[in-house]
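So this block is model05.txt, compact mmCIF, C-alpha atoms:
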```txt
# COMPACT_ATOMS: atom_id res chain seq x y z
CA MET A 1 17.24 -153.82 34.71
CA THR A 2 17.76 -157.57 34.37
CA GLU A 3 20.92 -159.07 33.02
CA ASN A 4 19.05 -159.91 29.84
CA ASP A 5 18.03 -156.27 29.28
CA VAL A 6 21.60 -155.15 29.70
CA VAL A 7 22.76 -157.70 27.14
CA ASN A 8 19.99 -156.65 24.75
CA SER A 9 20.69 -152.95 25.04
CA CYS A 10 24.43 -153.51 24.56
CA ALA A 11 23.79 -155.70 21.56
CA SER A 12 21.46 -153.20 19.95
CA SER A 13 23.73 -150.23 20.61
CA GLY A 14 26.63 -152.18 19.10
CA ALA A 15 24.65 -152.83 15.93
CA SER A 16 23.45 -149.22 15.90
CA ALA A 17 27.01 -147.89 16.11
CA ALA A 18 28.17 -150.22 13.37
CA ASN A 19 25.25 -149.19 11.13
CA GLN A 20 25.82 -145.53 11.86
CA ARG A 21 29.48 -145.84 10.94
CA LEU A 22 28.51 -147.42 7.65
CA MET A 23 25.95 -144.68 7.07
CA ALA A 24 28.51 -141.96 7.82
CA TYR A 25 30.80 -143.48 5.17
CA CYS A 26 27.80 -143.28 2.80
CA GLY A 27 28.26 -139.49 2.78
CA VAL A 28 31.84 -139.73 1.52
CA THR A 29 30.95 -142.53 -0.90
CA SER A 30 28.06 -140.48 -2.22
CA LEU A 31 30.36 -137.55 -2.95
CA VAL A 32 32.96 -139.73 -4.69
CA VAL A 33 30.41 -141.60 -6.83
CA LEU A 34 28.63 -138.34 -7.70
CA LEU A 35 31.90 -136.80 -8.89
CA ILE A 36 32.90 -139.91 -10.85
CA GLY A 37 29.51 -139.96 -12.59
CA MET A 38 29.07 -136.25 -13.23
CA TRP A 39 32.66 -135.20 -13.72
CA ALA A 40 34.76 -138.10 -14.98
CA ILE A 41 32.07 -139.82 -17.07
CA ALA A 42 29.44 -137.26 -18.07
CA GLY A 43 31.77 -134.25 -18.15
CA PHE A 44 29.05 -132.15 -16.54
CA VAL A 45 31.18 -130.43 -13.88
CA PRO A 46 30.06 -127.83 -14.70
CA PRO A 47 27.37 -128.53 -17.34
CA PRO A 48 27.85 -126.68 -20.66
CA GLY A 49 27.26 -123.00 -19.91
CA PRO A 50 24.27 -120.72 -20.57
CA ASN A 51 26.20 -118.59 -23.09
CA LYS A 52 26.61 -121.51 -25.51
CA SER A 53 24.60 -121.43 -28.74
CA LEU A 54 21.85 -123.86 -29.71
CA GLU A 55 24.17 -125.61 -32.17
CA GLU A 56 26.91 -126.05 -29.57
CA ILE A 57 24.56 -127.51 -26.95
CA VAL A 58 22.90 -129.90 -29.40
CA ALA A 59 26.36 -130.99 -30.57
CA VAL A 60 27.43 -131.76 -27.00
CA TYR A 61 24.42 -134.04 -26.53
CA ALA A 62 24.68 -135.58 -30.01
CA ASP A 63 28.41 -136.31 -29.69
CA HIS A 64 28.53 -137.44 -26.07
CA GLY A 65 24.95 -138.63 -25.45
CA ALA A 66 25.85 -142.11 -24.19
CA ARG A 67 28.58 -140.83 -21.88
CA ILE A 68 26.30 -138.14 -20.46
CA ARG A 69 23.44 -140.56 -19.80
CA PHE A 70 25.65 -143.22 -18.25
CA GLY A 71 27.49 -140.70 -16.07
CA LEU A 72 24.22 -139.32 -14.75
CA ILE A 73 22.94 -142.81 -13.94
CA VAL A 74 26.06 -143.31 -11.81
CA ALA A 75 25.61 -139.87 -10.23
CA CYS A 76 21.97 -140.62 -9.30
CA ALA A 77 22.99 -143.90 -7.69
CA GLY A 78 25.64 -142.05 -5.68
CA VAL A 79 23.35 -139.28 -4.53
CA THR A 80 20.96 -141.87 -3.08
CA LEU A 81 23.55 -142.56 -0.39
CA LEU A 82 22.96 -139.10 1.04
CA GLY A 83 19.78 -140.66 2.54
CA PRO A 84 21.49 -142.86 5.16
CA TRP A 85 24.07 -140.14 5.77
CA THR A 86 21.33 -137.63 6.58
CA ALA A 87 19.66 -140.13 8.92
CA THR A 88 22.89 -140.59 10.91
CA ILE A 89 23.22 -136.83 11.28
CA ALA A 90 19.62 -136.73 12.55
CA ILE A 91 20.33 -139.50 15.10
CA GLN A 92 23.33 -137.59 16.43
CA MET A 93 21.46 -134.25 16.45
CA ARG A 94 18.81 -135.99 18.51
CA ARG A 95 21.44 -136.79 21.12
CA VAL A 96 21.96 -133.03 21.45
CA GLU A 97 18.27 -132.15 21.46
CA GLY A 98 16.72 -134.96 23.45
CA GLU A 99 13.77 -137.21 22.71
CA PHE A 100 11.58 -134.71 20.84
CA ALA A 101 14.15 -133.44 18.40
CA PRO A 102 12.56 -130.80 16.14
CA LEU A 103 15.81 -129.71 14.48
CA ALA A 104 16.88 -133.30 13.77
CA LEU A 105 13.48 -134.14 12.28
CA THR A 106 13.47 -131.08 10.00
CA GLN A 107 17.07 -131.76 8.98
CA ALA A 108 16.12 -135.29 7.93
CA MET A 109 13.13 -134.07 5.89
CA LEU A 110 15.30 -131.52 4.09
CA GLY A 111 17.92 -134.21 3.41
CA ALA A 112 15.28 -136.25 1.59
CA VAL A 113 14.29 -133.19 -0.45
CA LEU A 114 17.91 -132.64 -1.45
CA ILE A 115 18.14 -136.08 -3.07
CA VAL A 116 15.07 -135.34 -5.20
CA GLU A 117 16.65 -132.02 -6.22
CA PHE A 118 19.51 -134.04 -7.71
CA TYR A 119 17.38 -136.76 -9.29
CA VAL A 120 14.96 -134.54 -11.22
CA PRO A 121 17.41 -132.35 -13.16
CA SER A 122 19.66 -135.38 -13.77
CA ALA A 123 16.73 -137.18 -15.39
CA MET A 124 16.01 -134.06 -17.47
CA TRP A 125 19.62 -134.03 -18.73
CA MET A 126 19.26 -137.74 -19.58
CA ALA A 127 16.12 -136.91 -21.55
CA ALA A 128 17.96 -134.11 -23.38
CA ALA A 129 20.66 -136.63 -24.35
CA PHE A 130 18.05 -139.19 -25.41
CA ARG A 131 17.07 -137.76 -28.85
CA PRO A 132 18.93 -134.46 -29.05
CA GLU A 133 18.57 -133.93 -32.80
CA VAL A 134 14.83 -134.57 -33.23
CA ASP A 135 13.95 -131.10 -31.99
CA PRO A 136 17.12 -129.05 -31.40
CA ALA A 137 15.32 -126.04 -29.90
CA PHE A 138 13.65 -128.32 -27.39
CA THR A 139 16.98 -129.94 -26.49
CA TYR A 140 18.44 -126.46 -25.98
CA ARG A 141 15.63 -125.38 -23.66
CA LEU A 142 15.62 -128.71 -21.84
CA HIS A 143 19.32 -128.15 -21.11
CA ASP A 144 18.40 -124.71 -19.72
CA LEU A 145 15.64 -126.21 -17.59
CA ALA A 146 17.80 -129.01 -16.18
CA SER A 147 20.85 -126.82 -15.51
CA ILE A 148 18.89 -123.99 -13.92
CA THR A 149 16.98 -126.46 -11.75
CA PHE A 150 20.13 -128.27 -10.66
CA VAL A 151 21.83 -125.07 -9.46
CA ALA A 152 18.82 -122.97 -8.39
CA LEU A 153 17.68 -125.01 -5.39
CA PRO A 154 20.32 -124.74 -2.66
CA TRP A 155 17.77 -123.71 -0.05
CA SER A 156 17.04 -127.10 1.47
CA ALA A 157 20.74 -127.99 1.84
CA ALA A 158 21.48 -124.54 3.27
CA LEU A 159 18.73 -124.87 5.88
CA GLN A 160 19.93 -128.41 6.65
CA ALA A 161 23.42 -127.05 7.38
CA ILE A 162 22.01 -124.18 9.45
CA LEU A 163 19.90 -126.56 11.57
CA LEU A 164 22.95 -128.73 12.18
CA ALA A 165 24.90 -125.61 13.15
CA ILE A 166 22.19 -124.51 15.60
CA ALA A 167 22.15 -127.94 17.23
CA ILE A 168 25.95 -127.99 17.53
CA LEU A 169 26.15 -124.50 19.01
CA GLN A 170 23.32 -125.30 21.48
CA ASP A 171 25.01 -128.48 22.71
CA LYS A 172 25.49 -128.33 26.49
CA HIS A 173 27.13 -131.73 27.00
CA ASP A 174 30.49 -131.76 28.73
CA GLN A 175 31.60 -134.01 25.93
CA PRO A 176 29.76 -132.35 23.01
CA VAL A 177 28.32 -134.59 20.29
CA PHE A 178 30.07 -132.61 17.52
CA PRO A 179 33.02 -130.21 17.83
CA ARG A 180 31.91 -126.57 17.78
CA TRP A 181 34.01 -125.66 14.75
CA LEU A 182 31.75 -127.94 12.69
CA GLY A 183 28.85 -125.64 13.61
CA TYR A 184 30.70 -122.64 12.24
CA LEU A 185 31.85 -124.56 9.18
CA SER A 186 28.23 -125.56 8.51
CA LEU A 187 27.20 -121.89 8.64
CA TRP A 188 29.93 -121.04 6.13
CA ALA A 189 28.75 -123.90 3.90
CA ALA A 190 25.13 -122.73 4.14
CA ILE A 191 26.06 -119.21 3.02
CA SER A 192 28.28 -120.58 0.26
CA PHE A 193 25.48 -122.79 -1.16
CA LEU A 194 23.19 -119.82 -1.77
CA PRO A 195 24.60 -117.88 -4.79
CA GLY A 196 23.39 -120.69 -7.07
CA ALA A 197 19.82 -119.68 -6.28
CA PHE A 198 20.34 -116.59 -8.45
CA ASN A 199 21.74 -118.38 -11.49
CA SER A 200 18.72 -117.62 -13.67
CA LEU A 201 19.57 -113.89 -13.48
CA ALA A 202 22.74 -114.13 -15.61
CA LYS A 203 24.00 -116.00 -18.66
CA THR A 204 27.70 -115.27 -18.04
CA GLY A 205 29.92 -114.42 -15.10
CA VAL A 206 30.09 -115.56 -11.51
CA ILE A 207 26.41 -116.35 -10.90
CA ALA A 208 25.72 -118.09 -14.21
CA TRP A 209 25.05 -121.80 -13.62
CA ASN A 210 28.67 -122.61 -14.57
CA GLY A 211 30.09 -119.56 -12.73
CA VAL A 212 32.63 -119.27 -9.95
CA LEU A 213 30.02 -118.50 -7.29
CA ALA A 214 26.95 -120.40 -8.41
CA TRP A 215 28.71 -123.59 -9.50
CA TRP A 216 32.23 -123.82 -8.10
CA LEU A 217 31.74 -122.28 -4.68
CA GLY A 218 28.55 -124.30 -4.20
CA LEU A 219 30.22 -127.55 -5.22
CA ILE A 220 33.39 -126.95 -3.18
CA ALA A 221 31.43 -125.95 -0.08
CA PHE A 222 29.16 -128.98 -0.50
CA GLY A 223 32.17 -131.29 -0.79
CA ILE A 224 33.95 -129.78 2.21
CA TRP A 225 30.74 -129.91 4.26
CA ILE A 226 30.07 -133.60 3.49
CA LEU A 227 33.66 -134.55 4.29
CA ALA A 228 33.80 -132.51 7.51
CA VAL A 229 30.45 -133.80 8.84
CA SER A 230 31.37 -137.40 7.97
CA PHE A 231 34.77 -136.97 9.64
CA CYS A 232 33.19 -135.64 12.85
CA LEU A 233 30.55 -138.38 12.84
CA LEU A 234 33.24 -141.04 12.59
CA ARG A 235 35.81 -139.46 14.90
CA ASP A 236 33.59 -137.88 17.58
CA ALA A 237 29.86 -138.43 17.58
CA ILE A 238 29.49 -142.17 16.96
CA PRO A 239 32.46 -143.41 19.05
CA HIS A 240 31.43 -141.18 21.97
CA GLN A 241 27.88 -142.45 21.85
CA GLU A 242 29.21 -145.99 21.82
CA ALA A 243 31.41 -145.28 24.82
CA GLY A 244 28.48 -143.67 26.62
CA GLN A 245 30.49 -140.54 27.25
CA ALA A 246 27.76 -138.02 26.57
CA GLN A 247 26.81 -136.93 30.07
CA VAL A 248 24.55 -133.90 30.38
CA ARG A 249 26.04 -131.19 32.56
CA PRO A 250 24.02 -130.96 35.79
CA MET B 251 38.91 -112.88 37.29
CA LEU B 252 40.09 -109.43 36.25
CA PRO B 253 43.73 -110.28 35.40
CA ALA B 254 42.49 -113.02 33.06
CA VAL B 255 40.21 -110.46 31.41
CA MET B 256 43.17 -108.21 30.74
CA GLU B 257 45.20 -110.97 29.06
CA ARG B 258 45.57 -110.83 25.29
CA HIS B 259 43.47 -113.48 23.65
CA VAL B 260 42.03 -114.53 20.31
CA PRO B 261 38.49 -113.17 20.32
CA GLY B 262 35.60 -115.60 20.24
CA GLU B 263 36.06 -119.34 20.08
CA PRO B 264 38.55 -120.81 17.62
CA GLY B 265 35.76 -122.35 15.50
CA ILE B 266 34.31 -118.99 14.46
CA TRP B 267 37.48 -118.32 12.45
CA VAL B 268 36.60 -121.23 10.15
CA LEU B 269 33.52 -119.23 9.15
CA LEU B 270 35.29 -115.85 9.04
CA PHE B 271 38.31 -116.98 7.02
CA GLY B 272 36.11 -119.14 4.78
CA ASP B 273 33.91 -116.15 4.01
CA MET B 274 36.79 -113.75 3.51
CA LEU B 275 38.43 -116.25 1.16
CA VAL B 276 35.26 -116.34 -0.96
CA PHE B 277 35.14 -112.54 -1.14
CA THR B 278 38.85 -112.40 -1.96
CA VAL B 279 38.27 -114.70 -4.92
CA LEU B 280 35.41 -112.46 -6.03
CA PHE B 281 37.51 -109.30 -5.71
CA THR B 282 40.21 -110.94 -7.80
CA VAL B 283 37.70 -111.94 -10.48
CA PHE B 284 36.29 -108.39 -10.45
CA LEU B 285 39.72 -106.78 -10.84
CA HIS B 286 40.60 -109.24 -13.61
CA GLU B 287 37.42 -108.36 -15.55
CA ARG B 288 37.99 -104.67 -14.89
CA GLY B 289 41.49 -104.97 -16.34
CA ALA B 290 39.98 -106.40 -19.54
CA LYS B 291 37.46 -103.54 -20.01
CA PRO B 292 38.74 -100.42 -18.20
CA GLU B 293 36.57 -97.88 -20.10
CA LEU B 294 33.33 -99.77 -19.58
CA PHE B 295 34.04 -100.16 -15.85
CA ALA B 296 35.06 -96.51 -15.36
CA HIS B 297 32.06 -95.25 -17.31
CA SER B 298 29.61 -97.49 -15.41
CA GLN B 299 31.16 -96.62 -12.05
CA ALA B 300 30.19 -92.97 -12.61
CA ALA B 301 26.50 -94.02 -12.43
CA LEU B 302 26.87 -95.22 -8.82
CA ASN B 303 25.63 -93.09 -5.95
CA ARG B 304 28.72 -92.45 -3.83
CA ALA B 305 26.86 -90.42 -1.23
CA LEU B 306 24.69 -93.43 -0.35
CA GLY B 307 27.76 -95.68 -0.32
CA ALA B 308 29.63 -93.32 1.99
CA THR B 309 26.59 -93.00 4.29
CA ASN B 310 26.41 -96.77 4.51
CA THR B 311 30.10 -96.90 5.43
CA LEU B 312 29.41 -94.54 8.32
CA VAL B 313 26.35 -96.57 9.32
CA LEU B 314 28.33 -99.80 9.57
CA LEU B 315 31.27 -98.17 11.35
CA THR B 316 28.91 -96.68 13.95
CA SER B 317 27.15 -100.00 14.38
CA SER B 318 30.49 -101.82 14.74
CA LEU B 319 31.58 -99.31 17.37
CA LEU B 320 28.43 -99.99 19.40
CA VAL B 321 29.11 -103.74 19.17
CA VAL B 322 32.73 -103.21 20.25
CA LEU B 323 31.43 -101.34 23.30
CA ALA B 324 28.97 -104.18 23.94
CA SER B 325 31.80 -106.77 23.82
CA HIS B 326 33.77 -104.59 26.18
CA ALA B 327 30.80 -104.44 28.57
CA MET B 328 30.27 -108.23 28.36
CA ARG B 329 33.74 -108.90 29.71
CA ARG B 330 33.39 -106.53 32.67
CA PRO B 331 30.74 -107.56 35.20
CA PRO B 332 30.07 -103.99 36.50
CA LEU B 333 29.28 -102.81 32.95
CA ARG B 334 27.54 -105.95 31.78
CA HIS B 335 24.02 -104.54 32.04
CA PHE B 336 24.85 -102.15 29.15
CA ALA B 337 25.75 -105.01 26.79
CA ARG B 338 22.20 -105.89 25.75
CA ARG B 339 21.16 -102.33 24.93
CA LEU B 340 24.41 -101.61 23.10
CA THR B 341 23.95 -104.75 20.97
CA LEU B 342 20.36 -103.87 20.12
CA GLY B 343 21.51 -100.32 19.32
CA GLY B 344 24.14 -101.79 16.99
CA ALA B 345 21.46 -103.88 15.27
CA LEU B 346 19.16 -100.86 14.92
CA VAL B 347 21.87 -98.72 13.32
CA GLY B 348 22.93 -101.70 11.19
CA ALA B 349 19.35 -102.09 9.93
CA CYS B 350 19.65 -98.62 8.36
CA PHE B 351 22.20 -100.15 5.97
CA VAL B 352 19.50 -102.43 4.56
CA VAL B 353 17.07 -99.53 4.11
CA ILE B 354 19.69 -97.34 2.40
CA LYS B 355 20.74 -100.25 0.18
CA GLY B 356 17.08 -100.66 -0.72
CA PHE B 357 16.98 -97.00 -1.88
CA GLU B 358 20.19 -97.50 -3.83
CA TYR B 359 18.89 -100.61 -5.64
CA HIS B 360 15.57 -98.89 -6.30
CA GLU B 361 17.40 -95.93 -7.83
CA LYS B 362 19.39 -98.25 -10.11
CA ILE B 363 16.40 -100.28 -11.23
CA ALA B 364 14.32 -97.10 -11.82
CA ALA B 365 17.15 -95.88 -14.07
CA GLY B 366 16.89 -99.12 -16.04
CA ILE B 367 20.11 -100.59 -14.62
CA ALA B 368 20.04 -104.32 -13.85
CA PRO B 369 22.61 -107.11 -13.39
CA SER B 370 22.22 -107.86 -17.11
CA THR B 371 23.10 -104.28 -18.17
CA ASN B 372 26.82 -105.00 -18.39
CA GLU B 373 29.63 -106.81 -16.57
CA PHE B 374 30.29 -103.96 -14.19
CA PHE B 375 26.71 -103.90 -12.94
CA MET B 376 26.61 -107.69 -12.76
CA TYR B 377 29.55 -107.56 -10.33
CA TYR B 378 28.06 -104.55 -8.57
CA PHE B 379 24.82 -106.44 -7.86
CA VAL B 380 26.54 -109.75 -7.05
CA LEU B 381 29.11 -108.27 -4.65
CA THR B 382 26.74 -105.85 -2.92
CA GLY B 383 23.95 -108.47 -2.92
CA LEU B 384 26.14 -111.16 -1.35
CA HIS B 385 27.31 -108.58 1.15
CA LEU B 386 23.72 -107.53 1.86
CA ALA B 387 22.90 -111.17 2.61
CA HIS B 388 25.75 -111.09 5.13
CA VAL B 389 24.37 -107.90 6.68
CA ILE B 390 20.96 -109.53 7.11
CA ILE B 391 22.52 -112.66 8.64
CA GLY B 392 24.67 -110.38 10.83
CA LEU B 393 21.59 -108.51 12.07
CA ALA B 394 20.00 -111.83 13.04
CA VAL B 395 23.25 -112.72 14.84
CA LEU B 396 23.13 -109.41 16.75
CA VAL B 397 19.57 -110.14 17.89
CA VAL B 398 20.71 -113.57 19.13
CA LEU B 399 23.68 -111.90 20.86
CA SER B 400 21.38 -109.45 22.61
CA THR B 401 19.56 -112.39 24.22
CA VAL B 402 22.93 -113.89 25.23
CA ALA B 403 23.85 -110.50 26.72
CA GLY B 404 20.53 -110.50 28.59
CA ASN B 405 21.67 -113.55 30.63
CA SER B 406 22.35 -112.47 34.18
CA GLY B 407 25.27 -114.86 34.66
CA PRO B 408 26.93 -115.50 31.28
CA THR B 409 29.32 -118.47 31.18
CA ARG B 410 32.71 -118.45 29.51
CA THR B 411 31.08 -120.10 26.47
CA HIS B 412 28.44 -117.35 26.35
CA ILE B 413 31.10 -114.64 26.35
CA ALA B 414 33.17 -116.44 23.71
CA PHE B 415 30.05 -116.92 21.57
CA PHE B 416 29.23 -113.24 21.98
CA GLU B 417 32.71 -112.21 20.86
CA GLY B 418 32.57 -114.61 17.91
CA GLY B 419 29.26 -113.13 16.76
CA ALA B 420 30.68 -109.63 17.20
CA CYS B 421 33.68 -110.62 15.05
CA PHE B 422 31.27 -111.73 12.31
CA TRP B 423 29.68 -108.29 12.40
CA HIS B 424 33.09 -106.59 12.20
CA MET B 425 33.93 -108.78 9.22
CA VAL B 426 30.72 -107.61 7.51
CA ASP B 427 31.83 -104.02 8.18
CA PHE B 428 35.35 -104.70 6.91
CA LEU B 429 34.08 -106.38 3.73
CA TRP B 430 31.85 -103.38 3.02
CA ILE B 431 34.81 -101.01 3.28
CA VAL B 432 36.68 -103.12 0.71
CA ILE B 433 33.63 -103.34 -1.58
CA PHE B 434 32.96 -99.61 -1.29
CA SER B 435 36.56 -98.76 -2.16
CA LEU B 436 36.79 -101.29 -4.95
CA ILE B 437 33.47 -100.73 -6.71
CA PHE B 438 32.55 -97.14 -5.86
CA LEU B 439 35.91 -95.38 -5.53
CA VAL B 440 38.88 -97.02 -7.26
CA ARG B 441 39.45 -95.59 -10.73
```
Will you turn the file into C-alpha cells for me?
Amino acid sequence: MTENDVVNSCASSGASAANQRLMAYCGVTSLVVLLIGMWAIAGFVPPPGPNKSLEEIVAVYADHGARIRFGLIVACAGVTLLGPWTATIAIQMRRVEGEFAPLALTQAMLGAVLIVEFYVPSAMWMAAAFRPEVDPAFTYRLHDLASITFVALPWSAALQAILLAIAILQDKHDQPVFPRWLGYLSLWAAISFLPGAFNSLAKTGVIAWNGVLAWWLGLIAFGIWILAVSFCLLRDAIPHQEAGQAQVRP
Amino acid sequence: MLPAVMERHVPGEPGIWVLLFGDMLVFTVLFTVFLHERGAKPELFAHSQAALNRALGATNTLVLLTSSLLVVLASHAMRRPPLRHFARRLTLGGALVGACFVVIKGFEYHEKIAAGIAPSTNEFFMYYFVLTGLHLAHVIIGLAVLVVLSTVAGNSGPTRTHIAFFEGGACFWHMVDFLWIVIFSLIFLVR
C-alpha cells in the first residue's frame, strides 16, 4: 500500500463515518417529523376509528381538511428519511456478514418498501380530505381504505427487524458491531408490529386500527426500535468502525 | 469448571430479558384491558365463557408444561458436559410435544368457527381470539426457537455464548408456557 492509498482510504472512511452518522440521525429525525406531521398537525394519531359513522368521518375531513392534508405532507417528508437510516443499518450489518451480505441486502430492500407503505395511505388520506363532501360515502370508504392499509402492512418492518436481530446474534467479532440486547429488542419490536396486520377483522377493541394493540403497541414499538437502533449506530457501530476495532476472532 | 456451573446466575444473556419483559408487559396491558372490559359486561363475559372448551384448554396446559419440562432438562444437560449429548434430543422432544399445542389449538378454533363463533361475535370472543391468537404466534415463534436451539445443542464444543443463548431461548419458551397458564386461568376459568 503506498502512502497515497493510505491517505485515500483514511479520507474516504472519514467521510463515510461522517455520512453514516448523519444518516443515523435521519432515523430519529424521521420519527420526530412523522409525529409532528401526523400527531400535532393532522391529529391522525390514531386516525378517526372504524366505529365512527359516515357523518362523523365526513365532518372530520370537512372541518379539518387543510390541517390533515398539511400534516400528512410533513409526515411524508419525514418518512423519506427512513431511507438513509436503513442504508446505514445495511452498511453496519454488512460488517457482521462480510462482503456478500444477504441479510443486509434484504433488510435494505424491505426498508424501501416500508417508506412506500407510509406514502400510499397518506396520499389516500390527503385525497379523502380533498373534496370530502362531494361524495360522502366515497370519503367514508376512502378513509377505511387508507386507515386499513396504513396499519395492515407491518410485515416488511417486522422482517427488517428480524433480519437485523439475526445479524446481531450471529456476530462473532470480539468487539461486536451492535450490542446483543439490540438483537433481542429488535425481536420484541418485530412481534409487537404484527397485531396491526389483523386490523381489518374488528371495528372496535384492541385490534381495530385505532386499538391498543394494532395502533398503540405498533407505534410505540416502532418508536422505541428506531431510537434504540439509532442510539447503537451512533454509540457503538459507527465509532467502532471508524476506530478500526472490529477484529474477527481467529 | 464445575464450581462455576453450580453458582447462582441469571439465566441466558442479559439482553434476552429486554424481549421477555417487553413481551410480558404487552400481555399485562392486554390482561388489564380484558379485565376492565369484563368488569363492564360481567353477564356477557360469563355467558360466553361457558361456550369455551375447557378440556382442550387443560390438555394444552399439560402439553406446554411437559414441553417446558423437557426443555428444562435440556438446559440442565447443556451445562453438564457428561450429559450434553442428551440436550439435542431433549430439545427436539420439547419442540415435538410443543407442536401438539398448535394442533389442539387448531381443533379448538375449528370448533368455534363451526359453531358460528368469530372475533366479531362479541367482545368476549374478540379478546379470546386476540389473546389466544397472539399467544399462538408466540408458540410458533417459540417452536422455531427450539429448532434453532437443537442445532446449538448439536455443537460438540459449545462456547459460553452458545450456552447463554440456549438458556435465553429456553427462557422464551418458559415465558410462552407461563403466559398460557395466565391466559387459560383468565379466559377459561375465572368467573
Shell around stretch 340-346 of chain B at 6 Å using only C-alpha atoms, local window under 4 positions removed, as a ChimeraX atom specification: /B:317,320-321,324,393,396,400
Per-residue nearest contacts of chain A to chain B (8 Å; all atoms listed in the file) as a tab-separated table:
```
residue	atom	partner	partner_atom	distance
A:Arg180	CA	B:Gly265	CA	6.2
A:Trp181	CA	B:Gly265	CA	3.8
A:Leu182	CA	B:Gly265	CA	7.4
A:Gly183	CA	B:Gly265	CA	7.9
A:Tyr184	CA	B:Leu269	CA	5.4
A:Leu185	CA	B:Leu269	CA	5.6
A:Leu187	CA	B:Leu269	CA	6.9
A:Trp188	CA	B:Leu269	CA	5.0
A:Pro195	CA	B:Leu384	CA	7.7
A:Leu201	CA	B:Pro369	CA	7.4
A:Ala202	CA	B:Ser370	CA	6.5
A:Gly205	CA	B:Glu373	CA	7.8
A:Ile207	CA	B:Val380	CA	7.6
A:Leu217	CA	B:Val276	CA	7.8
```
Show me, as a PyMOL selection string, the residues that have an atom within 12 Å of B:Thr309 when counting only C-alpha atoms, minus same-chain residues fewer than 3 positions from it. chain B and resi 303-306+312-316+347-348+350-355+358+430-431+434
Residues near A:Leu31, cut-off 8 Å, all atoms listed in the file, skip fewer than 6 positions along chain, as a VMD selection string: chain A and resid 78 to 79 223 226
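Take atom CA of B:Val322 and atom CA of B:Gly407: the distance between them is 20.0 Å.
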